[in-house]
>>> print(open('protein_31.txt').read())   # compact mmCIF, C-alpha atoms
# COMPACT_ATOMS: atom_id res chain seq x y z
CA MET A 12 2.14 16.87 83.70
CA THR A 13 0.29 15.50 80.68
CA GLU A 14 1.53 12.47 78.78
CA LEU A 15 2.28 14.65 75.73
CA ALA A 16 4.45 16.99 77.79
CA ALA A 17 6.26 13.97 79.25
CA LYS A 18 6.87 12.55 75.75
CA ILE A 19 8.28 15.89 74.60
CA GLU A 20 10.50 16.04 77.68
CA ALA A 21 11.87 12.57 76.84
CA ILE A 22 12.58 13.60 73.23
CA LEU A 23 14.33 16.78 74.36
CA PHE A 24 16.32 14.83 76.95
CA VAL A 25 17.85 12.45 74.41
CA SER A 26 18.44 15.12 71.77
CA SER A 27 21.86 16.72 71.54
CA LYS A 28 20.54 19.72 69.61
CA PRO A 29 17.46 21.97 69.64
CA ILE A 30 14.30 20.42 68.21
CA SER A 31 11.73 22.29 66.11
CA MET A 32 8.09 22.44 67.13
CA LYS A 33 7.17 20.75 63.84
CA PHE A 34 9.51 17.84 64.59
CA LEU A 35 8.05 17.45 68.09
CA ALA A 36 4.50 17.45 66.70
CA ASN A 37 5.41 14.82 64.08
CA ALA A 38 7.25 12.65 66.60
CA CYS A 39 4.31 12.76 69.02
CA SER A 40 1.61 12.42 66.31
CA CYS A 41 -0.11 15.65 67.33
CA GLN A 42 -0.81 19.10 65.95
CA ILE A 43 1.78 21.87 66.23
CA ASP A 44 -0.46 23.91 68.54
CA GLU A 45 -0.86 20.88 70.84
CA ALA A 46 2.93 20.42 70.90
CA ALA A 47 3.36 24.14 71.65
CA ALA A 48 0.90 23.91 74.55
CA ALA A 49 2.75 20.86 75.88
CA VAL A 50 6.09 22.71 75.62
CA ASP A 51 4.55 25.61 77.55
CA GLU A 52 3.30 23.15 80.18
CA LEU A 53 6.73 21.54 80.39
CA ALA A 54 8.38 24.97 80.71
CA THR A 55 5.98 25.85 83.54
CA VAL A 56 6.97 22.69 85.40
CA ARG A 57 10.72 22.78 84.64
CA ASN A 58 11.53 26.51 84.64
CA ASP A 59 11.28 26.68 88.42
CA GLU A 60 14.11 27.97 90.61
CA LEU A 61 14.41 24.57 92.34
CA SER A 62 14.44 22.52 89.15
CA GLY A 63 17.83 21.41 87.89
CA ILE A 64 16.60 21.31 84.30
CA HIS A 65 15.00 24.18 82.34
CA VAL A 66 13.30 24.38 78.96
CA VAL A 67 14.88 26.88 76.55
CA VAL A 68 12.86 28.06 73.53
CA GLY A 69 14.86 29.86 70.84
CA ASP A 70 14.95 30.47 67.11
CA GLU A 71 16.77 27.16 66.63
CA GLY A 72 14.09 25.18 68.46
CA ILE A 73 13.46 23.82 71.92
CA THR A 74 16.09 22.23 74.16
CA LEU A 75 16.70 21.27 77.76
CA ALA A 76 19.43 23.02 79.72
CA THR A 77 20.68 23.19 83.27
CA ASN A 78 19.18 25.76 85.63
CA PRO A 79 21.17 29.01 85.30
CA SER A 80 21.07 29.35 89.10
CA PHE A 81 23.36 26.33 89.36
CA ALA A 82 25.95 27.68 86.91
CA SER A 83 28.70 27.88 89.54
CA THR A 84 28.16 24.24 90.47
CA ILE A 85 28.34 23.18 86.83
CA GLU A 86 31.42 25.37 86.22
CA ASN A 87 33.22 23.58 89.04
CA LEU A 88 32.74 20.34 87.12
CA SER A 89 34.25 21.66 83.91
CA LYS A 90 36.88 24.29 84.74
CA GLU A 91 39.13 23.00 81.95
CA ASP A 92 36.41 23.63 79.37
CA ILE A 93 35.95 27.30 80.22
CA GLU A 94 36.86 29.55 77.30
CA PRO A 95 38.32 33.03 77.71
CA GLU A 96 35.79 35.79 78.29
CA LEU A 97 34.29 37.58 75.33
CA THR A 98 35.89 40.85 74.27
CA ARG A 99 33.93 44.09 74.39
CA PRO A 100 33.44 44.11 70.56
CA SER A 101 32.22 40.49 70.73
CA LEU A 102 29.76 41.38 73.50
CA GLU A 103 28.52 44.39 71.52
CA THR A 104 27.99 42.25 68.43
CA LEU A 105 26.29 39.50 70.41
CA THR A 106 24.00 42.10 71.98
CA ILE A 107 23.03 43.44 68.55
CA VAL A 108 22.28 39.91 67.32
CA ALA A 109 20.28 39.13 70.46
CA TYR A 110 18.14 42.26 70.29
CA ARG A 111 17.80 42.69 66.53
CA GLY A 112 18.19 39.15 65.13
CA PRO A 113 17.77 37.66 62.70
CA ILE A 114 20.08 40.32 61.27
CA THR A 115 22.53 40.46 58.37
CA LYS A 116 26.25 41.23 58.66
CA PRO A 117 25.90 44.58 56.82
CA GLU A 118 23.12 45.56 59.24
CA ILE A 119 25.30 44.67 62.24
CA GLU A 120 28.17 46.66 60.72
CA ALA A 121 25.87 49.65 60.09
CA ILE A 122 24.88 49.66 63.76
CA ARG A 123 28.43 49.11 65.09
CA GLY A 124 30.16 51.20 62.42
CA ILE A 125 32.97 48.66 61.96
CA ASN A 126 33.69 45.38 60.13
CA CYS A 127 32.42 42.41 62.12
CA THR A 128 33.64 39.46 60.03
CA LEU A 129 36.11 38.05 62.57
CA ILE A 130 33.84 38.75 65.51
CA LEU A 131 30.93 36.90 63.89
CA ARG A 132 33.25 33.99 63.03
CA ASN A 133 34.35 33.83 66.68
CA LEU A 134 30.75 33.94 67.94
CA LEU A 135 29.79 31.21 65.45
CA MET A 136 32.70 29.01 66.58
CA ARG A 137 31.68 29.45 70.23
CA GLY A 138 28.11 28.47 69.35
CA LEU A 139 26.67 31.78 70.57
CA VAL A 140 25.17 32.83 67.22
CA ASP A 141 23.69 30.83 64.39
CA GLU A 142 23.95 31.62 60.69
CA SER A 143 21.15 30.79 58.27
CA GLU A 144 20.22 31.85 54.74
CA ASP A 145 17.48 34.42 54.35
CA GLU A 146 15.73 33.89 51.03
CA VAL A 147 14.23 37.39 51.08
CA ARG A 148 17.47 39.26 51.80
CA LEU A 149 19.54 36.76 49.77
CA GLN A 150 22.30 36.69 52.36
CA PRO A 151 23.06 35.03 55.67
CA VAL A 152 21.31 36.26 58.80
CA TYR A 153 22.50 35.80 62.37
CA SER A 154 20.43 34.84 65.41
CA ILE A 155 21.31 34.13 69.02
CA THR A 156 21.55 30.42 69.88
CA ASN A 157 19.92 28.47 72.67
CA ASP A 158 23.41 28.01 74.17
CA ALA A 159 23.81 31.78 74.40
CA LEU A 160 20.37 32.08 76.01
CA ARG A 161 21.31 29.35 78.48
CA HIS A 162 24.60 31.10 79.34
CA LEU A 163 22.67 34.32 79.93
CA GLY A 164 20.23 32.48 82.19
CA LEU A 165 17.29 33.19 79.90
CA HIS A 166 14.55 31.00 78.49
CA ASN A 167 13.69 33.28 75.56
CA VAL A 168 15.14 36.45 73.97
CA SER A 169 12.06 38.39 75.06
CA GLU A 170 13.39 38.09 78.64
CA LEU A 171 16.32 40.40 77.77
CA ALA A 172 16.15 43.78 79.51
CA ASP A 173 14.15 46.33 77.45
CA TYR A 174 13.79 43.76 74.64
CA ALA A 175 10.53 45.10 73.19
CA GLU A 176 11.85 48.68 73.12
CA LEU A 177 15.20 47.82 71.53
CA HIS A 178 13.95 45.10 69.16
CA GLY A 179 11.55 47.59 67.61
CA ASN A 180 13.57 50.80 68.05
CA THR A 181 12.47 53.31 65.37
CA LYS A 182 15.89 54.98 65.02
CA ILE A 183 17.60 51.64 64.39
CA ASP A 184 14.77 50.61 62.05
CA ALA A 185 15.31 53.83 60.07
CA LEU A 186 19.08 53.20 59.90
CA LEU A 187 18.57 49.65 58.67
CA SER A 188 15.87 50.74 56.23
CA ALA A 189 18.24 53.33 54.77
CA LEU A 190 20.90 50.64 54.43
CA THR A 191 18.46 48.36 52.58
CA THR A 192 17.35 51.20 50.30
CA GLU A 193 20.97 52.18 49.61
CA SER A 194 22.05 48.62 48.76
CA SER A 195 19.07 48.05 46.45
CA THR A 196 19.90 51.17 44.37
CA VAL A 197 23.55 50.16 43.91
>>> encode(input="protein_31.txt", output="structure tokens")
Amino acid sequence: MTELAAKIEAILFVSSKPISMKFLANACSCQIDEAAAAVDELATVRNDELSGIHVVVGDEGITLATNPSFASTIENLSKEDIEPELTRPSLETLTIVAYRGPITKPEIEAIRGINCTLILRNLLMRGLVDESEDEVRLQPVYSITNDALRHLGLHNVSELADYAELHGNTKIDALLSALTTESSTV
């Protein structure tokens, strides 16, 4: 492992939240593309089935997490912290956010056909989705968090089953485009 990758690993280890690539580059006095290459190198080393620590890259940034293969071992340590399982509507909403995010609440509701305010609030409180302002759409957008990726045993959303097909689905794109056109004429 290169010294840069080791420095990035140390930064990620002491951080309690995901770190942006720009922050890593600044902290290590290197270019963003060099930091990205070092993160890729670190992920190659750490994202091994026998490694206890994995690198998770998400919209929020980069973080270290425990190996999903050892989830049962970790769960045994924190049984009292386990929250109730997600409801079917929560899972549906989380799936939409994972495959189509960043996505607005009206877009989620157009896909699901039902109000999602309480479900999104619950997912936000659990740390499974993140809300940020979209300056183009002028409303909050929702994305899946690194915690959700870690719970799913993934390193990136592109590892979701059929991600490319569903992320760029033409029927859903047409539905969302119609929603955008409709809201701009009102």
>>> atom_distance(input="protein_31.txt", atom1="CA of Gly112 in chain A", atom2="CA of Ala172 in chain A")
15.2 Å
>>> atom_distance(input="protein_31.txt", atom1="CA of Val108 in chain A", atom2="CA of Tyr153 in chain A")
6.4 Å
>>> closest_residue(input="protein_31.txt", among="A:Ser101, A:Ala109, A:Met32, A:Leu177", to="Asn126 in chain A", atoms="all atoms listed in the file")
A:Ser101
>>> atom_distance(input="protein_31.txt", atom1="CA of Glu170 in chain A", atom2="CA of Asn37 in chain A")
28.6 Å
>>> residues_near_point(input="protein_31.txt", point="(22.5, 41.7, 53.0)", cutoff="9 Å", atoms="only C-alpha atoms", output="PyMOL selection string")
chain A and resi 114-118+145+148-152+191+194
>>> residues_around(input="protein_31.txt", residues="Ile73 in chain A", least_positions_apart="6", cutoff="6 Å", atoms="only C-alpha atoms", output="PyMOL selection string")
chain A and resi 29-30+67
>>> closest_residue(input="protein_31.txt", among="A:Leu171, A:Leu187, A:Leu129, A:His166", to="Gly72 in chain A", atoms="all atoms listed in the file")
A:His166
>>> closest_residue(input="protein_31.txt", among="A:Leu134, A:Ile22, A:Ala159, A:Ala47", to="Pro79 in chain A", atoms="all atoms listed in the file")
A:Ala159
>>> closest_residue(input="protein_31.txt", among="A:Val147, A:Leu131, A:Ala76, A:Ala189", to="His162 in chain A", atoms="all atoms listed in the file")
A:Ala76
>>> residues_near_point(input="protein_31.txt", point="(13.7, 44.2, 66.6)", cutoff="10 Å", atoms="all atoms listed in the file", output="JSON list (two decimals) with C-alpha atoms, in the frame of the given file")
[["chain", "number", "residue", "atom", "x", "y", "z"],
["A", 107, "ILE", "CA", 23.03, 43.44, 68.55],
["A", 108, "VAL", "CA", 22.28, 39.91, 67.32],
["A", 109, "ALA", "CA", 20.28, 39.13, 70.46],
["A", 110, "TYR", "CA", 18.14, 42.26, 70.29],
["A", 111, "ARG", "CA", 17.80, 42.69, 66.53],
["A", 112, "GLY", "CA", 18.19, 39.15, 65.13],
["A", 113, "PRO", "CA", 17.77, 37.66, 62.70],
["A", 114, "ILE", "CA", 20.08, 40.32, 61.27],
["A", 174, "TYR", "CA", 13.79, 43.76, 74.64],
["A", 175, "ALA", "CA", 10.53, 45.10, 73.19],
["A", 176, "GLU", "CA", 11.85, 48.68, 73.12],
["A", 177, "LEU", "CA", 15.20, 47.82, 71.53],
["A", 178, "HIS", "CA", 13.95, 45.10, 69.16],
["A", 179, "GLY", "CA", 11.55, 47.59, 67.61],
["A", 180, "ASN", "CA", 13.57, 50.80, 68.05],
["A", 181, "THR", "CA", 12.47, 53.31, 65.37],
["A", 183, "ILE", "CA", 17.60, 51.64, 64.39],
["A", 184, "ASP", "CA", 14.77, 50.61, 62.05]]
>>> closest_residue(input="protein_31.txt", among="A:Asp70, A:Glu60, A:Asp44, A:Glu103", to="Asp141 in chain A", atoms="only C-alpha atoms")
A:Asp70
>>> axis_aligned_box(input="protein_31.txt", around="range 132-139 of chain A", padding_each_side="5 Å", output="AutoDock Vina command-line options")
--center_x 30.5 --center_y 31.2 --center_z 66.8 --size_x 17.7 --size_y 15.5 --size_z 17.5
